[in-house]
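Novice: Contents of entry_7.txt (compact mmCIF, C-alpha atoms) are given next:
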# COMPACT_ATOMS: atom_id res chain seq x y z
CA MET J 113 0.00 0.00 0.00
CA SER J 114 1.33 3.45 -0.85
CA ALA J 115 1.80 6.22 1.67
CA ALA J 116 -0.92 8.31 0.03
CA ALA J 117 -3.04 10.56 2.22
CA GLY J 118 -6.28 9.10 3.47
CA LEU J 119 -7.77 6.29 5.51
CA GLN J 120 -6.82 3.00 3.91
CA ALA J 121 -7.69 -0.61 4.62
CA GLU J 122 -5.88 -3.39 2.80
CA ALA J 123 -6.98 -7.03 2.69
CA VAL J 124 -8.91 -6.66 5.96
CA THR J 125 -10.32 -9.95 7.23
CA VAL J 126 -12.42 -10.51 10.36
CA ARG J 127 -13.21 -14.00 11.63
CA PHE J 128 -15.53 -14.89 14.49
CA GLY J 129 -14.67 -18.53 15.11
CA GLY J 130 -15.45 -20.30 11.86
CA LEU J 131 -17.43 -17.38 10.46
CA VAL J 132 -15.66 -15.03 8.05
CA ALA J 133 -17.47 -11.72 8.51
CA ILE J 134 -15.05 -9.67 6.36
CA ASP J 135 -13.01 -11.32 3.63
CA ARG J 136 -9.89 -9.46 2.39
CA VAL J 137 -11.62 -6.12 1.83
CA ASP J 138 -9.72 -3.09 0.53
CA LEU J 139 -11.16 0.38 1.14
CA THR J 140 -9.82 3.90 0.69
CA LEU J 141 -11.45 7.07 2.02
CA ALA J 142 -9.89 10.39 1.01
CA GLN J 143 -10.49 13.67 2.79
CA GLY J 144 -13.21 15.67 1.07
CA GLU J 145 -14.99 12.72 -0.58
CA ILE J 146 -18.26 11.03 0.30
CA LEU J 147 -18.09 7.25 -0.12
CA GLY J 148 -21.12 5.02 0.15
CA LEU J 149 -20.82 1.52 1.60
CA ILE J 150 -23.80 -0.67 0.78
CA GLY J 151 -24.77 -4.31 0.79
CA PRO J 152 -27.56 -6.66 1.87
CA ASN J 153 -28.32 -7.17 5.54
CA GLY J 154 -25.55 -9.21 7.16
CA ALA J 155 -23.01 -8.35 4.45
CA GLY J 156 -20.46 -7.11 6.99
CA LYS J 157 -20.85 -3.34 6.68
CA SER J 158 -20.98 -2.54 10.39
CA THR J 159 -18.14 -4.96 11.13
CA LEU J 160 -15.99 -3.15 8.58
CA ILE J 161 -16.81 0.22 10.16
CA ASN J 162 -15.87 -1.25 13.53
CA VAL J 163 -12.45 -2.14 12.14
CA LEU J 164 -11.96 1.27 10.54
CA SER J 165 -12.86 3.05 13.80
CA GLY J 166 -10.93 0.83 16.20
CA PHE J 167 -13.85 -1.04 17.79
CA GLN J 168 -12.88 -4.36 16.19
CA ARG J 169 -9.38 -5.70 15.69
CA PRO J 170 -8.99 -7.38 12.28
CA SER J 171 -7.91 -11.01 12.12
CA SER J 172 -5.54 -10.02 9.32
CA GLY J 173 -4.91 -7.11 6.96
CA GLU J 174 -3.73 -3.54 7.45
CA LEU J 175 -5.25 -0.20 8.45
CA ARG J 176 -3.32 3.00 7.72
CA ILE J 177 -3.83 6.74 8.05
CA ASP J 178 -1.72 8.81 5.66
CA GLY J 179 0.55 5.78 5.27
CA THR J 180 1.08 5.28 9.01
CA ARG J 181 0.17 1.80 10.22
CA MET J 182 -2.76 1.91 12.66
CA THR J 183 -3.79 -1.76 12.56
CA GLY J 184 -5.27 -2.80 15.89
CA ALA J 185 -5.16 0.71 17.36
CA PRO J 186 -8.02 1.28 19.84
CA ALA J 187 -10.88 3.67 19.14
CA HIS J 188 -9.49 6.50 21.27
CA ALA J 189 -6.16 6.42 19.42
CA LEU J 190 -7.90 6.60 16.05
CA ALA J 191 -10.14 9.40 17.33
CA ARG J 192 -7.02 11.42 18.13
CA ARG J 193 -6.00 10.92 14.50
CA GLY J 194 -9.34 12.32 13.36
CA VAL J 195 -11.43 9.17 12.90
CA ALA J 196 -15.01 9.56 14.17
CA ARG J 197 -18.21 7.59 13.77
CA THR J 198 -21.86 7.30 14.65
CA PHE J 199 -23.69 4.10 15.56
CA GLN J 200 -26.94 2.53 14.41
CA ALA J 201 -28.01 2.67 18.07
CA VAL J 202 -26.96 6.16 19.15
CA ARG J 203 -25.50 5.04 22.53
CA LEU J 204 -26.04 8.29 24.40
CA PHE J 205 -25.11 8.92 28.01
CA ALA J 206 -28.82 9.17 28.74
CA GLY J 207 -28.43 10.66 32.22
CA LEU J 208 -26.09 13.45 31.11
CA SER J 209 -27.04 16.69 29.42
CA VAL J 210 -26.79 17.17 25.67
CA ARG J 211 -23.81 19.48 26.22
CA ASP J 212 -22.02 16.97 28.46
CA ASN J 213 -22.53 14.20 25.90
CA VAL J 214 -20.68 16.25 23.30
CA ALA J 215 -18.07 17.41 25.82
CA ALA J 216 -17.28 13.78 26.67
CA ALA J 217 -16.41 13.11 23.04
CA ARG J 218 -14.33 16.29 22.96
CA CYS J 219 -12.01 14.87 25.65
CA VAL J 220 -9.73 13.39 22.99
CA LYS J 221 -8.58 16.92 22.10
CA ALA J 222 -5.64 18.40 24.00
CA GLU J 223 -6.98 21.83 24.95
CA SER J 224 -8.15 23.92 27.88
CA ARG J 225 -11.60 23.37 29.38
CA THR J 226 -12.62 26.87 28.29
CA ALA J 227 -11.64 26.24 24.67
CA GLY J 228 -13.34 22.86 24.70
CA ASP J 229 -16.59 24.22 26.12
CA ALA J 230 -16.62 26.98 23.51
CA ARG J 231 -16.15 24.46 20.72
CA VAL J 232 -18.91 22.22 22.08
CA ASP J 233 -21.35 25.15 22.16
CA GLU J 234 -20.33 26.09 18.61
CA ILE J 235 -21.11 22.58 17.35
CA LEU J 236 -24.46 22.47 19.14
CA ASP J 237 -25.39 25.85 17.68
CA TRP J 238 -24.36 24.82 14.18
CA LEU J 239 -26.50 21.70 14.37
CA GLY J 240 -29.50 23.53 15.83
CA LEU J 241 -29.21 21.81 19.21
CA ALA J 242 -28.20 24.83 21.31
CA ALA J 243 -31.69 25.21 22.78
CA HIS J 244 -31.44 21.66 24.11
CA ALA J 245 -27.91 21.96 25.54
CA ASP J 246 -28.99 21.57 29.18
CA ARG J 247 -31.64 18.94 28.51
CA GLN J 248 -31.06 15.38 29.68
CA ALA J 249 -30.02 13.43 26.58
CA GLY J 250 -32.33 10.51 27.39
CA THR J 251 -35.39 12.74 27.04
CA MET J 252 -34.62 13.86 23.48
CA PRO J 253 -36.93 12.82 20.62
CA TYR J 254 -35.58 10.19 18.22
CA SER J 255 -34.51 12.53 15.42
CA ALA J 256 -32.72 14.81 17.89
CA GLU J 257 -30.97 11.81 19.46
CA ARG J 258 -29.52 10.88 16.07
CA LEU J 259 -28.42 14.47 15.52
CA LEU J 260 -26.73 14.41 18.92
CA GLY J 261 -24.83 11.33 17.79
CA VAL J 262 -23.55 13.37 14.86
CA ALA J 263 -22.63 16.23 17.22
CA ARG J 264 -20.50 13.89 19.31
CA ALA J 265 -18.68 12.69 16.20
CA LEU J 266 -18.07 16.27 15.07
CA ALA J 267 -16.60 17.12 18.48
CA VAL J 268 -13.51 15.16 17.41
CA GLU J 269 -13.15 17.55 14.43
CA PRO J 270 -12.94 14.54 12.15
CA ARG J 271 -10.78 14.07 9.12
CA PHE J 272 -12.67 10.84 8.45
CA LEU J 273 -16.30 10.49 9.52
CA MET J 274 -18.27 7.24 9.35
CA LEU J 275 -22.06 7.32 9.55
CA ASP J 276 -23.69 3.95 10.24
CA GLU J 277 -27.25 4.01 8.83
CA PRO J 278 -27.86 7.68 9.67
CA ALA J 279 -31.29 7.75 7.96
CA ALA J 280 -32.71 4.76 9.86
CA GLY J 281 -36.20 5.53 11.13
CA MET J 282 -36.40 8.96 9.48
CA ASN J 283 -39.30 10.22 7.40
CA ALA J 284 -38.85 11.71 3.93
CA GLU J 285 -38.46 15.29 5.18
CA GLU J 286 -35.88 14.27 7.76
CA VAL J 287 -33.96 12.28 5.14
CA GLU J 288 -33.81 15.35 2.89
CA GLN J 289 -32.47 17.41 5.78
CA LEU J 290 -29.91 14.70 6.54
CA VAL J 291 -28.59 14.68 2.98
CA ASP J 292 -28.15 18.45 3.14
CA LEU J 293 -26.41 18.16 6.52
CA ILE J 294 -23.91 15.53 5.36
CA GLY J 295 -22.95 17.72 2.42
CA ARG J 296 -22.49 20.70 4.73
CA ILE J 297 -20.38 18.63 7.14
CA ARG J 298 -18.06 17.62 4.32
CA ASP J 299 -17.75 21.24 3.19
CA ARG J 300 -17.23 22.70 6.68
CA PHE J 301 -14.82 20.12 8.07
CA GLY J 302 -13.17 19.03 4.81
CA CYS J 303 -13.47 15.46 6.02
CA GLY J 304 -13.96 12.26 4.13
CA VAL J 305 -17.38 10.79 4.88
CA LEU J 306 -18.21 7.09 4.72
CA VAL J 307 -21.97 6.51 4.64
CA VAL J 308 -23.44 3.07 5.36
CA GLU J 309 -27.07 3.25 4.36
CA HIS J 310 -29.98 1.14 3.07
CA ASN J 311 -31.82 4.19 1.74
CA MET J 312 -30.53 4.39 -1.81
CA ALA J 313 -31.91 7.91 -2.31
CA VAL J 314 -29.30 9.04 0.23
CA ILE J 315 -26.49 7.09 -1.46
CA MET J 316 -27.36 8.15 -5.01
CA SER J 317 -27.69 11.84 -4.15
CA LEU J 318 -24.59 12.15 -1.95
CA CYS J 319 -21.82 9.80 -2.98
CA GLU J 320 -19.10 10.21 -5.58
CA ARG J 321 -18.14 6.56 -5.17
CA VAL J 322 -19.99 3.52 -3.87
CA GLN J 323 -18.47 0.28 -2.60
CA VAL J 324 -20.67 -2.80 -2.39
CA ILE J 325 -19.95 -5.79 -0.16
CA ASP J 326 -21.77 -9.10 0.03
CA HIS J 327 -20.93 -12.03 2.30
CA GLY J 328 -18.04 -9.96 3.63
CA ALA J 329 -16.33 -9.39 0.27
CA THR J 330 -16.28 -6.44 -2.14
CA ILE J 331 -18.30 -7.16 -5.27
CA ALA J 332 -18.29 -3.69 -6.89
CA ILE J 333 -16.76 -0.22 -6.62
CA GLY J 334 -17.65 2.73 -8.83
CA THR J 335 -19.93 5.67 -9.37
CA PRO J 336 -23.49 5.31 -8.06
CA GLU J 337 -24.72 4.89 -11.63
CA ASP J 338 -22.15 2.21 -12.48
CA VAL J 339 -22.84 0.29 -9.29
CA ALA J 340 -26.61 0.47 -9.83
CA ASP J 341 -26.12 -1.12 -13.24
CA ASP J 342 -23.75 -3.86 -12.05
CA PRO J 343 -25.33 -7.32 -12.46
CA GLU J 344 -23.49 -8.69 -9.41
CA VAL J 345 -24.97 -5.93 -7.26
CA ARG J 346 -28.44 -6.58 -8.59
CA ARG J 347 -28.11 -10.31 -7.91
CA ALA J 348 -26.92 -9.58 -4.35
CA TYR J 349 -29.97 -7.44 -3.62
CA LEU J 350 -32.74 -9.14 -5.58
CA GLY J 351 -31.35 -12.50 -6.67
CA GLU J 352 -31.66 -11.47 -10.32
CA GLU J 353 -30.22 -13.66 -13.02
CA ASP J 354 -30.93 -11.32 -15.94
CA ASP J 355 -31.22 -7.64 -16.79
CA ASP J 356 -34.99 -7.32 -16.82
CA LEU J 357 -35.14 -4.42 -14.35
CA PRO J 358 -33.71 -0.97 -14.95
CA PRO J 359 -30.82 -0.15 -12.60
CA GLU J 360 -32.68 2.34 -10.43
CA GLU J 361 -35.45 -0.16 -9.75
CA ALA J 362 -32.98 -2.92 -9.04
CA VAL J 363 -31.40 -1.09 -6.11
CA SER J 364 -34.33 1.03 -4.91
CA ASP J 365 -37.13 -1.43 -4.42
CA GLY J 366 -38.89 0.02 -1.38
CA PRO J 367 -40.60 3.22 -0.30
CA GLY J 368 -38.25 6.19 -0.18
CA GLY J 369 -35.60 4.28 -2.08
CA GLU J 370 -34.95 1.82 0.75
CA VAL J 371 -33.30 -1.39 -0.35
CA ARG J 372 -35.28 -4.54 0.23
CA PRO J 373 -32.71 -7.37 0.19
Let me see whether you can do it: turn the structure in this file into structure tokens.
Specialist:
Amino acid sequence: MSAAAGLQAEAVTVRFGGLVAIDRVDLTLAQGEILGLIGPNGAGKSTLINVLSGFQRPSSGELRIDGTRMTGAPAHALARRGVARTFQAVRLFAGLSVRDNVAAARCVKAESRTAGDARVDEILDWLGLAAHADRQAGTMPYSAERLLGVARALAVEPRFLMLDEPAAGMNAEEVEQLVDLIGRIRDRFGCGVLVVEHNMAVIMSLCERVQVIDHGATIAIGTPEDVADDPEVRRAYLGEEDDDLPPEEAVSDGPGGEVRP
């Protein structure tokens, strides 16, 4: 692997006993790009994010940031290098305030308490959460909880941000707002964004590149249009053996563009 800038995984494999969850997957995320990671349920997407963010040690393979080997580094070490993520389940500190939830994530930064508090308030204001800063996080409505998860990730000032199914449970209006927000995050922070998502409207409207995995292995990488037209991708999602369906129908089979594997 070259020492090029970016977050890079090479031949990453994860085994749980006899189960191969990830099978020699390569992935590159550059700063400033939005990369979609898609695949049927159980394909290994969340496991791969866990490896990239330090929550899962790979059985084999390499993880590098700007050419520096980070394989097996824990989550807090990767956070200090600018790797941040959200979770499908938001995992809030429910008994703490919204502000304190974000401040806890900010602890990876070496700075004074005053500077940290100011940055936390700036992030909450930018995301429209300032009015809820003193509210107990566990009392927030669902959509605000997910936004708070994003706020905690942004507290790291990420160079590489991974969003694990950010549109889950959102209605059409909320999804539209999310797409706008992800674009603004990329522009404001200059970070690379990896989006794992079943809602193909999100993927098709946001991503410059899309990587598809199935049974833990990469089966396609390309533009959203190229991936949508790939017969292997269509077979993975719908079990197709021919080209009867147009590409957009093949990967957007449910309401709101949600994939139905």
Novice: List as a ChimeraX atom specification the protein and nucleic acid residues near segment 259-270 of chain J, meaning an atom at most 9 Å away when all atoms listed in the file are counted, but skip any in the same chain fewer than 4 places from it.
Specialist: /J:191-199,202-204,210,213-221,231-232,235-236,239,241,249,254-255,274-275,278,297,301-304
Novice: Find, counting all atoms listed in the file, the residue in J:Gly129, J:Pro253, J:Pro152, J:Gly166 that gets nearest to Ala187 of chain J.
Specialist: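 The closest residue to Ala187 of chain J is J:Gly166.
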Novice: Please report the interatomic distance between atom CA of Leu147 of chain J and atom CA of Asp233 of chain J in Å with one decimal.
Specialist: 28.8 Å
Novice: Tell me, as a PyMOL selection string, which residues lie within 9 Å of Thr125 of chain J, counting all atoms listed in the file; anything in the same chain fewer than 4 positions away does not count.
Specialist: chain J and resi 132-137+160+170-173+328
Novice: Atom CA of Asp292 of chain J to atom CA of Glu337 of chain J: how many Å, to one decimal?
Specialist: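 A separation of 20.3 Å between them.
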Novice: Excluding Ala117 of chain J and its own-chain neighbours fewer than 2 positions away, which residues fall within 8 Å of it when counting only C-alpha atoms? Please give them as a ChimeraX atom specification.
Specialist: /J:115,119,142,177-179
Novice: Using C-alpha atoms, can you export the residues from the last selection as a PDB file, in the frame of the given file?
Specialist:
ATOM      1  CA  ALA J 115       1.800   6.220   1.670  1.00  0.00           C
ATOM      2  CA  LEU J 119      -7.770   6.290   5.510  1.00  0.00           C
ATOM      3  CA  ALA J 142      -9.890  10.390   1.010  1.00  0.00           C
ATOM      4  CA  ILE J 177      -3.830   6.740   8.050  1.00  0.00           C
ATOM      5  CA  ASP J 178      -1.720   8.810   5.660  1.00  0.00           C
ATOM      6  CA  GLY J 179       0.550   5.780   5.270  1.00  0.00           C
TER       7      GLY J 179
END
Novice: Measuring between all atoms listed in the file, which one of J:Asn283, J:Thr180, J:Ser209, J:Thr226 shows the shortest distance to Met252 of chain J?
Specialist: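 Of J:Asn283, J:Thr180, J:Ser209, J:Thr226, the one nearest Met252 of chain J, counting all atoms listed in the file, is J:Ser209.
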Novice: Given all atoms listed in the file as the basis, pick out the residue of J:Ala332, J:Ala256, J:Ala279, J:Val339 nearest to Ala243 of chain J.
Specialist: J:Ala256
Novice: Could you please determine the separation between atom CA of Asp342 of chain J and atom CA of Glu122 of chain J in Å, to one decimal place?
Specialist: 23.2 Å
